[in-house]
Structure formats: structure tokens, C-alpha cells
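Next comes model.pdb, with PDB, C-alpha atoms and all ligand atoms.
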```
ATOM      1  CA  MET A   1     108.811  73.655  15.346  1.00  0.00           C
ATOM      2  CA  GLU A   2     105.763  71.514  15.953  1.00  0.00           C
ATOM      3  CA  HIS A   3     104.977  73.129  19.325  1.00  0.00           C
ATOM      4  CA  SER A   4     105.092  76.651  17.837  1.00  0.00           C
ATOM      5  CA  GLU A   5     102.661  75.580  15.147  1.00  0.00           C
ATOM      6  CA  LYS A   6     100.286  74.241  17.792  1.00  0.00           C
ATOM      7  CA  ILE A   7     100.321  77.531  19.746  1.00  0.00           C
ATOM      8  CA  ARG A   8      99.973  79.590  16.553  1.00  0.00           C
ATOM      9  CA  ARG A   9      96.919  77.576  15.507  1.00  0.00           C
ATOM     10  CA  ARG A  10      95.404  77.971  18.973  1.00  0.00           C
ATOM     11  CA  TYR A  11      95.608  81.769  18.660  1.00  0.00           C
ATOM     12  CA  ASP A  12      94.131  81.545  15.156  1.00  0.00           C
ATOM     13  CA  ARG A  13      91.205  79.646  16.681  1.00  0.00           C
ATOM     14  CA  ILE A  14      90.505  82.094  19.541  1.00  0.00           C
ATOM     15  CA  ALA A  15      91.124  85.299  17.523  1.00  0.00           C
ATOM     16  CA  GLY A  16      87.388  85.956  17.091  1.00  0.00           C
ATOM     17  CA  VAL A  17      86.687  85.901  20.840  1.00  0.00           C
ATOM     18  CA  PHE A  18      90.042  87.186  22.113  1.00  0.00           C
ATOM     19  CA  ASN A  19      88.915  90.775  22.789  1.00  0.00           C
ATOM     20  CA  PHE A  20      85.869  89.557  24.705  1.00  0.00           C
ATOM     21  CA  MET A  21      87.995  87.166  26.817  1.00  0.00           C
ATOM     22  CA  ASP A  22      90.602  89.859  27.427  1.00  0.00           C
ATOM     23  CA  ARG A  23      88.006  92.433  28.556  1.00  0.00           C
ATOM     24  CA  ALA A  24      86.429  89.873  30.888  1.00  0.00           C
ATOM     25  CA  MET A  25      89.804  89.031  32.456  1.00  0.00           C
ATOM     26  CA  THR A  26      90.959  92.635  32.904  1.00  0.00           C
ATOM     27  CA  LYS A  27      87.465  93.730  34.012  1.00  0.00           C
ATOM     28  CA  GLY A  28      87.394  96.459  31.407  1.00  0.00           C
ATOM     29  CA  THR A  29      90.352  98.370  32.829  1.00  0.00           C
ATOM     30  CA  ASN A  30      93.243  99.425  30.666  1.00  0.00           C
ATOM     31  CA  LYS A  31      95.297 100.839  33.525  1.00  0.00           C
ATOM     32  CA  TRP A  32      97.977  98.161  33.109  1.00  0.00           C
ATOM     33  CA  ARG A  33      98.200  98.698  29.375  1.00  0.00           C
ATOM     34  CA  GLU A  34      99.205 102.332  29.796  1.00  0.00           C
ATOM     35  CA  LYS A  35     102.138 101.552  32.078  1.00  0.00           C
ATOM     36  CA  PRO A  36     104.657 100.209  29.496  1.00  0.00           C
ATOM     37  CA  PHE A  37     104.128 103.304  27.350  1.00  0.00           C
ATOM     38  CA  THR A  38     105.648 105.509  30.063  1.00  0.00           C
ATOM     39  CA  MET A  39     108.891 103.527  29.589  1.00  0.00           C
ATOM     40  CA  ILE A  40     109.234 103.721  25.788  1.00  0.00           C
ATOM     41  CA  LYS A  41     112.292 105.542  24.500  1.00  0.00           C
ATOM     42  CA  GLY A  42     113.235 106.556  20.961  1.00  0.00           C
ATOM     43  CA  THR A  43     111.007 106.468  17.913  1.00  0.00           C
ATOM     44  CA  LYS A  44     111.661 103.127  16.188  1.00  0.00           C
ATOM     45  CA  ILE A  45     109.427 100.683  18.016  1.00  0.00           C
ATOM     46  CA  LEU A  46     108.824  96.961  17.543  1.00  0.00           C
ATOM     47  CA  GLU A  47     105.823  95.372  19.225  1.00  0.00           C
ATOM     48  CA  ILE A  48     106.019  91.584  19.479  1.00  0.00           C
ATOM     49  CA  GLY A  49     102.796  89.551  19.637  1.00  0.00           C
ATOM     50  CA  VAL A  50     100.535  92.492  18.806  1.00  0.00           C
ATOM     51  CA  GLY A  51      97.476  90.209  18.824  1.00  0.00           C
ATOM     52  CA  THR A  52      94.276  92.082  17.974  1.00  0.00           C
ATOM     53  CA  GLY A  53      96.080  95.406  18.413  1.00  0.00           C
ATOM     54  CA  ALA A  54      94.895  96.438  21.885  1.00  0.00           C
ATOM     55  CA  ASN A  55      98.103  98.418  22.529  1.00  0.00           C
ATOM     56  CA  LEU A  56      98.170 100.266  19.214  1.00  0.00           C
ATOM     57  CA  PRO A  57      96.049 103.290  20.250  1.00  0.00           C
ATOM     58  CA  TYR A  58      98.590 104.082  23.013  1.00  0.00           C
ATOM     59  CA  TYR A  59     101.498 104.944  20.679  1.00  0.00           C
ATOM     60  CA  SER A  60     102.252 108.615  19.936  1.00  0.00           C
ATOM     61  CA  PRO A  61     102.221 109.928  16.361  1.00  0.00           C
ATOM     62  CA  GLU A  62     106.036 110.295  16.454  1.00  0.00           C
ATOM     63  CA  HIS A  63     106.497 106.565  17.054  1.00  0.00           C
ATOM     64  CA  GLN A  64     107.329 104.525  13.930  1.00  0.00           C
ATOM     65  CA  VAL A  65     105.714 101.270  14.957  1.00  0.00           C
ATOM     66  CA  THR A  66     106.276  97.857  13.427  1.00  0.00           C
ATOM     67  CA  ALA A  67     104.120  95.184  15.062  1.00  0.00           C
ATOM     68  CA  ILE A  68     104.380  91.448  14.491  1.00  0.00           C
ATOM     69  CA  ASP A  69     102.419  88.339  15.373  1.00  0.00           C
ATOM     70  CA  PHE A  70     102.616  84.753  14.165  1.00  0.00           C
ATOM     71  CA  SER A  71      98.823  84.300  14.112  1.00  0.00           C
ATOM     72  CA  SER A  72      97.350  85.608  10.850  1.00  0.00           C
ATOM     73  CA  LYS A  73      93.849  85.596  12.361  1.00  0.00           C
ATOM     74  CA  MET A  74      94.892  87.761  15.346  1.00  0.00           C
ATOM     75  CA  LEU A  75      96.666  90.081  12.887  1.00  0.00           C
ATOM     76  CA  ARG A  76      93.504  90.419  10.797  1.00  0.00           C
ATOM     77  CA  HIS A  77      91.784  92.045  13.797  1.00  0.00           C
ATOM     78  CA  ALA A  78      94.788  94.324  14.313  1.00  0.00           C
ATOM     79  CA  HIS A  79      94.568  95.323  10.620  1.00  0.00           C
ATOM     80  CA  ASN A  80      90.901  96.259  11.061  1.00  0.00           C
ATOM     81  CA  LEU A  81      91.774  98.428  14.088  1.00  0.00           C
ATOM     82  CA  VAL A  82      94.640 100.125  12.232  1.00  0.00           C
ATOM     83  CA  ASN A  83      92.277 100.973   9.349  1.00  0.00           C
ATOM     84  CA  GLU A  84      89.462 102.072  11.649  1.00  0.00           C
ATOM     85  CA  LEU A  85      91.662 104.414  13.711  1.00  0.00           C
ATOM     86  CA  GLU A  86      93.864 105.372  10.717  1.00  0.00           C
ATOM     87  CA  LEU A  87      96.998 104.458  12.667  1.00  0.00           C
ATOM     88  CA  ASN A  88     100.451 104.611  11.130  1.00  0.00           C
ATOM     89  CA  VAL A  89     101.593 101.084  12.008  1.00  0.00           C
ATOM     90  CA  THR A  90     103.254  98.378   9.902  1.00  0.00           C
ATOM     91  CA  LEU A  91     101.819  94.939  10.691  1.00  0.00           C
ATOM     92  CA  LEU A  92     103.776  91.819   9.748  1.00  0.00           C
ATOM     93  CA  GLU A  93     103.206  88.089  10.162  1.00  0.00           C
ATOM     94  CA  MET A  94     106.377  86.851  11.817  1.00  0.00           C
ATOM     95  CA  ASP A  95     107.597  84.503  14.562  1.00  0.00           C
ATOM     96  CA  ALA A  96     109.288  86.199  17.532  1.00  0.00           C
ATOM     97  CA  GLN A  97     111.734  83.282  17.577  1.00  0.00           C
ATOM     98  CA  ASN A  98     112.957  84.073  14.064  1.00  0.00           C
ATOM     99  CA  LEU A  99     112.799  87.815  13.398  1.00  0.00           C
ATOM    100  CA  SER A 100     113.617  88.962   9.881  1.00  0.00           C
ATOM    101  CA  PHE A 101     114.959  92.395  10.947  1.00  0.00           C
ATOM    102  CA  ASP A 102     118.583  93.471  10.758  1.00  0.00           C
ATOM    103  CA  ASP A 103     120.674  93.641  13.930  1.00  0.00           C
ATOM    104  CA  HIS A 104     120.310  96.873  15.966  1.00  0.00           C
ATOM    105  CA  THR A 105     117.164  98.144  14.242  1.00  0.00           C
ATOM    106  CA  PHE A 106     114.853  99.267  17.085  1.00  0.00           C
ATOM    107  CA  ASP A 107     115.024 101.764  19.986  1.00  0.00           C
ATOM    108  CA  THR A 108     112.347  99.971  22.005  1.00  0.00           C
ATOM    109  CA  VAL A 109     110.806  96.518  21.788  1.00  0.00           C
ATOM    110  CA  LEU A 110     107.486  96.127  23.618  1.00  0.00           C
ATOM    111  CA  THR A 111     105.520  93.042  24.624  1.00  0.00           C
ATOM    112  CA  SER A 112     102.346  92.550  26.629  1.00  0.00           C
ATOM    113  CA  CYS A 113     101.192  89.092  27.714  1.00  0.00           C
ATOM    114  CA  VAL A 114     103.220  87.419  24.970  1.00  0.00           C
ATOM    115  CA  PHE A 115     106.103  85.610  26.659  1.00  0.00           C
ATOM    116  CA  CYS A 116     103.616  83.390  28.472  1.00  0.00           C
ATOM    117  CA  SER A 117     102.957  81.828  25.042  1.00  0.00           C
ATOM    118  CA  VAL A 118     106.213  82.070  23.065  1.00  0.00           C
ATOM    119  CA  PRO A 119     107.186  78.380  22.869  1.00  0.00           C
ATOM    120  CA  ALA A 120     110.970  78.932  23.261  1.00  0.00           C
ATOM    121  CA  PRO A 121     111.214  82.123  25.348  1.00  0.00           C
ATOM    122  CA  LEU A 122     115.039  82.204  25.434  1.00  0.00           C
ATOM    123  CA  LEU A 123     115.173  82.085  21.661  1.00  0.00           C
ATOM    124  CA  GLY A 124     112.613  84.903  21.404  1.00  0.00           C
ATOM    125  CA  LEU A 125     114.486  87.060  23.938  1.00  0.00           C
ATOM    126  CA  SER A 126     117.811  86.476  22.129  1.00  0.00           C
ATOM    127  CA  GLU A 127     116.200  87.604  18.882  1.00  0.00           C
ATOM    128  CA  ILE A 128     114.878  90.751  20.598  1.00  0.00           C
ATOM    129  CA  LYS A 129     118.356  91.476  21.957  1.00  0.00           C
ATOM    130  CA  ARG A 130     119.772  91.102  18.465  1.00  0.00           C
ATOM    131  CA  VAL A 131     117.351  93.569  16.837  1.00  0.00           C
ATOM    132  CA  LEU A 132     117.573  96.158  19.630  1.00  0.00           C
ATOM    133  CA  LYS A 133     119.961  99.065  19.080  1.00  0.00           C
ATOM    134  CA  PRO A 134     122.955  98.994  21.476  1.00  0.00           C
ATOM    135  CA  HIS A 135     121.247 101.569  23.734  1.00  0.00           C
ATOM    136  CA  GLY A 136     117.801 100.131  23.164  1.00  0.00           C
ATOM    137  CA  ARG A 137     115.357  98.896  25.748  1.00  0.00           C
ATOM    138  CA  LEU A 138     112.915  96.028  26.080  1.00  0.00           C
ATOM    139  CA  VAL A 139     109.668  96.867  27.902  1.00  0.00           C
ATOM    140  CA  MET A 140     107.436  93.963  28.916  1.00  0.00           C
ATOM    141  CA  LEU A 141     104.087  93.703  30.658  1.00  0.00           C
ATOM    142  CA  GLU A 142     103.953  90.012  31.489  1.00  0.00           C
ATOM    143  CA  HIS A 143     102.437  87.621  34.006  1.00  0.00           C
ATOM    144  CA  VAL A 144     104.883  85.212  35.646  1.00  0.00           C
ATOM    145  CA  LEU A 145     105.119  82.444  38.235  1.00  0.00           C
ATOM    146  CA  SER A 146     104.580  83.714  41.789  1.00  0.00           C
ATOM    147  CA  ASP A 147     107.377  83.242  44.341  1.00  0.00           C
ATOM    148  CA  LYS A 148     104.830  82.806  47.130  1.00  0.00           C
ATOM    149  CA  PRO A 149     104.998  79.094  48.041  1.00  0.00           C
ATOM    150  CA  VAL A 150     101.274  78.237  47.906  1.00  0.00           C
ATOM    151  CA  LEU A 151     100.581  80.218  44.725  1.00  0.00           C
ATOM    152  CA  ASN A 152     103.787  78.861  43.169  1.00  0.00           C
ATOM    153  CA  LYS A 153     102.598  75.298  43.738  1.00  0.00           C
ATOM    154  CA  ILE A 154      99.068  75.950  42.448  1.00  0.00           C
ATOM    155  CA  MET A 155     100.360  77.689  39.310  1.00  0.00           C
ATOM    156  CA  ASN A 156     102.807  74.877  38.525  1.00  0.00           C
ATOM    157  CA  VAL A 157     100.167  72.189  39.025  1.00  0.00           C
ATOM    158  CA  ALA A 158      97.508  74.065  36.990  1.00  0.00           C
ATOM    159  CA  ASN A 159      99.872  75.031  34.170  1.00  0.00           C
ATOM    160  CA  PRO A 160      99.407  72.021  31.843  1.00  0.00           C
ATOM    161  CA  LEU A 161      95.619  72.488  31.876  1.00  0.00           C
ATOM    162  CA  VAL A 162      95.869  76.259  31.303  1.00  0.00           C
ATOM    163  CA  VAL A 163      98.249  75.686  28.362  1.00  0.00           C
ATOM    164  CA  LYS A 164      95.827  73.179  26.881  1.00  0.00           C
ATOM    165  CA  VAL A 165      92.877  75.566  27.147  1.00  0.00           C
ATOM    166  CA  SER A 166      94.497  78.919  26.333  1.00  0.00           C
ATOM    167  CA  GLY A 167      97.971  78.309  24.891  1.00  0.00           C
ATOM    168  CA  ALA A 168      99.485  80.473  27.656  1.00  0.00           C
ATOM    169  CA  ASN A 169     101.763  79.282  30.465  1.00  0.00           C
ATOM    170  CA  ILE A 170     101.140  80.627  33.977  1.00  0.00           C
ATOM    171  CA  ASN A 171     104.494  79.484  35.356  1.00  0.00           C
ATOM    172  CA  ARG A 172     107.020  81.405  33.271  1.00  0.00           C
ATOM    173  CA  THR A 173     110.170  82.693  35.022  1.00  0.00           C
ATOM    174  CA  THR A 174     110.632  85.684  32.760  1.00  0.00           C
ATOM    175  CA  LYS A 175     113.170  87.595  34.879  1.00  0.00           C
ATOM    176  CA  PHE A 176     115.407  84.526  34.982  1.00  0.00           C
ATOM    177  CA  ASN A 177     115.011  84.103  31.215  1.00  0.00           C
ATOM    178  CA  LEU A 178     115.818  87.767  30.560  1.00  0.00           C
ATOM    179  CA  GLU A 179     119.013  87.514  32.598  1.00  0.00           C
ATOM    180  CA  LYS A 180     119.953  84.276  30.887  1.00  0.00           C
ATOM    181  CA  ALA A 181     119.432  85.936  27.487  1.00  0.00           C
ATOM    182  CA  GLY A 182     121.891  88.690  28.470  1.00  0.00           C
ATOM    183  CA  PHE A 183     119.734  91.540  29.766  1.00  0.00           C
ATOM    184  CA  ASP A 184     119.983  93.712  32.864  1.00  0.00           C
ATOM    185  CA  VAL A 185     116.499  93.780  34.321  1.00  0.00           C
ATOM    186  CA  GLU A 186     114.421  96.138  36.449  1.00  0.00           C
ATOM    187  CA  GLU A 187     111.011  94.895  37.516  1.00  0.00           C
ATOM    188  CA  GLU A 188     107.922  96.366  39.128  1.00  0.00           C
ATOM    189  CA  ASP A 189     105.078  94.347  40.652  1.00  0.00           C
ATOM    190  CA  LEU A 190     101.727  95.523  39.297  1.00  0.00           C
ATOM    191  CA  TRP A 191      99.430  92.838  40.687  1.00  0.00           C
ATOM    192  CA  LEU A 192     100.715  90.635  43.534  1.00  0.00           C
ATOM    193  CA  ASP A 193     104.072  89.289  42.323  1.00  0.00           C
ATOM    194  CA  ILE A 194     102.374  87.859  39.221  1.00  0.00           C
ATOM    195  CA  LEU A 195     101.755  90.747  36.801  1.00  0.00           C
ATOM    196  CA  LYS A 196     105.008  92.609  36.262  1.00  0.00           C
ATOM    197  CA  LEU A 197     106.491  95.432  34.274  1.00  0.00           C
ATOM    198  CA  PHE A 198     110.035  94.597  33.124  1.00  0.00           C
ATOM    199  CA  VAL A 199     112.450  97.126  31.670  1.00  0.00           C
ATOM    200  CA  ALA A 200     115.510  95.327  30.291  1.00  0.00           C
ATOM    201  CA  THR A 201     118.666  96.570  28.588  1.00  0.00           C
ATOM    202  CA  PRO A 202     121.370  94.530  26.844  1.00  0.00           C
ATOM    203  CA  LYS A 203     124.110  93.669  29.366  1.00  0.00           C
ATOM    204  CA  GLU A 204     127.187  94.395  27.285  1.00  0.00           C
ATOM    205  CA  LEU A 205     126.468  98.117  27.531  1.00  0.00           C
ATOM    206  CA  HIS A 206     127.428  98.152  31.180  1.00  0.00           C
ATOM    207  CA  LEU A 207     130.828  96.498  30.827  1.00  0.00           C
TER
HETATM  208  C1  LIG B 301      97.712  86.743  24.952  1.00  0.00           C
HETATM  209  S1  LIG B 301      97.928  87.409  23.347  1.00  0.00           S
HETATM  210  C2  LIG B 301      98.362  89.105  23.720  1.00  0.00           C
HETATM  211  C3  LIG B 301      98.110  90.028  22.574  1.00  0.00           C
HETATM  212  C4  LIG B 301      98.464  91.504  22.833  1.00  0.00           C
HETATM  213  N1  LIG B 301      99.868  91.673  23.089  1.00  0.00           N
HETATM  214  C5  LIG B 301      97.666  92.062  23.966  1.00  0.00           C
HETATM  215  O1  LIG B 301      98.251  92.528  24.949  1.00  0.00           O
HETATM  216  O2  LIG B 301      96.416  92.077  23.855  1.00  0.00           O
HETATM  217  C6  LIG B 301      99.501  86.707  22.855  1.00  0.00           C
HETATM  218  C7  LIG B 301      99.838  87.008  21.410  1.00  0.00           C
HETATM  219  O3  LIG B 301     101.204  86.647  21.188  1.00  0.00           O
HETATM  220  C8  LIG B 301     101.288  85.988  19.944  1.00  0.00           C
HETATM  221  N2  LIG B 301     102.481  85.131  19.955  1.00  0.00           N
HETATM  222  C9  LIG B 301     102.754  84.109  20.797  1.00  0.00           C
HETATM  223  N3  LIG B 301     103.921  83.527  20.469  1.00  0.00           N
HETATM  224  C10 LIG B 301     104.389  84.216  19.403  1.00  0.00           C
HETATM  225  C11 LIG B 301     105.560  84.084  18.591  1.00  0.00           C
HETATM  226  N4  LIG B 301     106.461  83.114  18.814  1.00  0.00           N
HETATM  227  N5  LIG B 301     105.736  84.953  17.578  1.00  0.00           N
HETATM  228  C12 LIG B 301     104.831  85.924  17.328  1.00  0.00           C
HETATM  229  N6  LIG B 301     103.677  86.089  18.045  1.00  0.00           N
HETATM  230  C13 LIG B 301     103.474  85.242  19.069  1.00  0.00           C
HETATM  231  C14 LIG B 301      99.978  85.219  19.823  1.00  0.00           C
HETATM  232  O4  LIG B 301      99.679  84.868  18.484  1.00  0.00           O
HETATM  233  C15 LIG B 301      98.991  86.228  20.409  1.00  0.00           C
HETATM  234  O5  LIG B 301      98.488  87.089  19.434  1.00  0.00           O
END
```

What's the C-alpha cells form of this structure?
Ligand SMILES: C[S@@+](CC[C@H](N)C(=O)[O-])C[C@H]1O[C@@H](n2cnc3c(N)ncnc32)[C@H](O)[C@@H]1O
Amino acid sequence: MEHSEKIRRRYDRIAGVFNFMDRAMTKGTNKWREKPFTMIKGTKILEIGVGTGANLPYYSPEHQVTAIDFSSKMLRHAHNLVNELELNVTLLEMDAQNLSFDDHTFDTVLTSCVFCSVPAPLLGLSEIKRVLKPHGRLVMLEHVLSDKPVLNKIMNVANPLVVKVSGANINRTTKFNLEKAGFDVEEEDLWLDILKLFVATPKELHL
């Protein structure tokens, strides 16, 4: 996919300054990062779009973590962190839209600020559903399009420029996508109605 390649290369390019940009945008607070970890269940965990590894220190020693990203340069920083902190994490270069894991492998799949960039979000979410165990859970910390009319308009108009500069979309409708991909979804607003915590479970379980 040509578009995927473009986004992957963009993350390769910004990998060296990503941590600096991220700290500037979150004003040095990690309070939002901690939130998804209160929702993890089970021990076999897959993190999608691990980036430079900012979430990795939050896992408990009992978690068996596999973390993937399609940008080799972002992963290089994650590797350095894993070595520095002597974390027990398996890092793999892989596209979320084409996971190489068997069906029903993981208890929890976790993402943070990833589905703003995944080029075909429905494909990525379907892959996550496939690799989740039947009673597994998807936990996502993601920014989405606001429902508030003025903000909604601004975000839609600004989106093409933001994608060009950062590779991330600011107008994703992630709850809609999750439901379309076959998940039941609970959501919590963390900042306005833009930064959200989603906890999603495969729908079939509730039939
Ligand atoms: C904004 S960064 C967030 C990184 C990390 N999750 C964090 O919270 O700091 C988005 C990451 O998702 C990765 N990503 C985007 N689309 C992806 C895909 N289709 N497959 C794998 N990784 C992807 C990017 O390479 C990048 O490292």
C-alpha cells in the first residue's frame, strides 16, 4: 500500500525528535499514559504502534509483552529503552494491518495514539480482533474527531495539513470504526471529547 509506505517513512523521519515533540505536546505529564494500564487483563499482551517505547515502563513483570511498529527507526529507540531498563519485551517490525500472529493469541491488545495514523483503520481493527483471544480486550488511548460542531468543523478543515506535517489524522471516528469492525465499545472522555479511553471486546461473545 503506497499510503502506508508514506506514513511509515514519515515516522522513520521524525523518530529522532519524537520524544521531544511528545513531551512538548503532553506538557511533561504521563497521567494519560497510566490510564490504559488499569484496564489490562491477562498476561499475554500485544502493543500496536509501540513507537519509541513510552508505554513500556508501565507494564508489570508478569506481563508477557510483544510490541510492534512498522517504523524501524521508531523501533530502534524502543530497543534502546528496553536494553536500558532491562525490560522483558519482544519488539517486532510489523504492520498493524497485516499481523503475523495466529488467531486468538493475546489477552489484551493496547494502543496509544496509533489509530490516528494507521492508514486503513478498519483493516487494523479487524486484525486486532482476529488475534485477540475470545475473551480478550482491546484498550485504546486515542484522540478522535470532536462531536462539538465548531471543533468538528475546525478539525475536519485542518486535517489535511496536520496529516501532511505529522502523519496523524485529527478527524478519526474511532468508536464508529470499532463498532464496524465488530467490537462492543465502552468509552471515557479524558480531555474534552477528543482524547478518549476505549475498552472494546469482540461482539460475538455477547450473542
Ligand atoms: C504517534 S506515534 C505513538 C507511539 C506510542 N504508541 C506512544 O504512545 O508514544 C504512532 C506510532 O504508530 C506507528 N504506526 C502507525 N501506523 C502503523 C501500522 N499500520 N502498523 C504499525 N505501526 C504503526 C507509527 O510508526 C508510530 O510509531

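Using the PyMOL selection byres (((chain A and resi 176-185) around 9) and not hetatm) on the file at hand returns these residues: Pro121, Leu122, Leu123, Leu125, Ser126, Lys129, Leu138, Arg172, Thr173, Thr174, Lys175, Glu186, Glu187, Phe198, Val199, Ala200, Thr201, Pro202, Lys203, Glu204 and His206 of chain A.
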
Residues within 12 Å of Glu86 of chain A, all atoms listed in the file, excluding chain neighbours under 6 positions, as a PyMOL selection string:
chain A and resi 56-57+61+78-80

With 8 Å added on each side, what axis-aligned box encloses every listed atom of ligand LIG 301 (chain B)? Give the centre and edge lengths in Å to one decimal, as JSON.
```
{"center_x": 101.4, "center_y": 87.8, "center_z": 21.1, "size_x": 26.0, "size_y": 25.4, "size_z": 23.6}
```

Distance limit 9 Å, reference ligand LIG 301 (chain B), atoms considered: all atoms listed in the file. Which residues make the cut? Give them as a PyMOL selection string.
chain A and resi 4+7-12+15+18-19+22+33+47-55+68-75+93-99+110-121+124+141+166-168

Could you tell me which of A:Asn152, A:Thr108, A:Gln64, A:Asn83 comes closest to Lys41 of chain A if we count all atoms listed in the file?
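So, comparing all the options, the nearest one is A:Thr108.
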
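The two atoms in question, atom CA of Met155 of chain A and atom CA of Arg23 of chain A, are spaced 22.0 Å apart.
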
So how far away is atom CA of Leu161 of chain A from atom CA of Lys6 of chain A, in Å?
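Straight-line distance from atom CA of Lys6 of chain A to atom CA of Leu161 of chain A works out to 14.9 Å.
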
Any idea what's packed within 9 Å of Thr105 of chain A, counting all atoms listed in the file, ignoring anything in its chain fewer than 4 positions away? Could you give it as a PyMOL selection string?
chain A and resi 44-45+101+130-133

Provide segment 119-160 of chain A of the preceding structure as a file containing C-alpha atoms, as a PDB file, in the first residue's frame.
```pdb
ATOM      1  CA  PRO A 119      -3.789   4.189   7.047  1.00  0.00           C
ATOM      2  CA  ALA A 120      -6.688   1.668   6.902  1.00  0.00           C
ATOM      3  CA  PRO A 121      -8.081   1.677  10.460  1.00  0.00           C
ATOM      4  CA  LEU A 122     -10.830  -0.896   9.775  1.00  0.00           C
ATOM      5  CA  LEU A 123      -8.273  -3.350   8.470  1.00  0.00           C
ATOM      6  CA  GLY A 124      -6.067  -2.799  11.534  1.00  0.00           C
ATOM      7  CA  LEU A 125      -9.004  -3.237  13.935  1.00  0.00           C
ATOM      8  CA  SER A 126     -10.117  -6.437  12.149  1.00  0.00           C
ATOM      9  CA  GLU A 127      -6.603  -7.825  12.524  1.00  0.00           C
ATOM     10  CA  ILE A 128      -6.635  -6.974  16.248  1.00  0.00           C
ATOM     11  CA  LYS A 129      -9.986  -8.732  16.626  1.00  0.00           C
ATOM     12  CA  ARG A 130      -8.552 -11.786  14.908  1.00  0.00           C
ATOM     13  CA  VAL A 131      -5.503 -12.076  17.193  1.00  0.00           C
ATOM     14  CA  LEU A 132      -7.426 -11.385  20.414  1.00  0.00           C
ATOM     15  CA  LYS A 133      -8.491 -14.412  22.452  1.00  0.00           C
ATOM     16  CA  PRO A 134     -12.297 -14.891  22.511  1.00  0.00           C
ATOM     17  CA  HIS A 135     -12.483 -13.225  25.951  1.00  0.00           C
ATOM     18  CA  GLY A 136      -9.765 -10.727  25.149  1.00  0.00           C
ATOM     19  CA  ARG A 137      -9.962  -6.970  25.304  1.00  0.00           C
ATOM     20  CA  LEU A 138      -8.702  -4.059  23.246  1.00  0.00           C
ATOM     21  CA  VAL A 139      -7.633  -0.996  25.257  1.00  0.00           C
ATOM     22  CA  MET A 140      -7.003   2.221  23.334  1.00  0.00           C
ATOM     23  CA  LEU A 141      -5.892   5.701  24.320  1.00  0.00           C
ATOM     24  CA  GLU A 142      -6.675   7.662  21.177  1.00  0.00           C
ATOM     25  CA  HIS A 143      -7.569  11.166  20.048  1.00  0.00           C
ATOM     26  CA  VAL A 144     -10.639  11.425  17.815  1.00  0.00           C
ATOM     27  CA  LEU A 145     -12.849  13.921  15.996  1.00  0.00           C
ATOM     28  CA  SER A 146     -14.875  16.094  18.385  1.00  0.00           C
ATOM     29  CA  ASP A 147     -18.683  15.994  18.160  1.00  0.00           C
ATOM     30  CA  LYS A 148     -18.889  19.662  19.142  1.00  0.00           C
ATOM     31  CA  PRO A 149     -19.941  21.476  15.943  1.00  0.00           C
ATOM     32  CA  VAL A 150     -17.290  24.230  15.872  1.00  0.00           C
ATOM     33  CA  LEU A 151     -14.402  21.952  16.870  1.00  0.00           C
ATOM     34  CA  ASN A 152     -15.671  19.275  14.469  1.00  0.00           C
ATOM     35  CA  LYS A 153     -15.514  21.738  11.582  1.00  0.00           C
ATOM     36  CA  ILE A 154     -12.066  23.075  12.515  1.00  0.00           C
ATOM     37  CA  MET A 155     -10.627  19.565  12.893  1.00  0.00           C
ATOM     38  CA  ASN A 156     -12.018  18.423   9.537  1.00  0.00           C
ATOM     39  CA  VAL A 157     -10.722  21.511   7.739  1.00  0.00           C
ATOM     40  CA  ALA A 158      -7.266  21.337   9.399  1.00  0.00           C
ATOM     41  CA  ASN A 159      -6.867  17.581   8.937  1.00  0.00           C
ATOM     42  CA  PRO A 160      -5.136  17.505   5.519  1.00  0.00           C
TER      43      PRO A 160
END
```
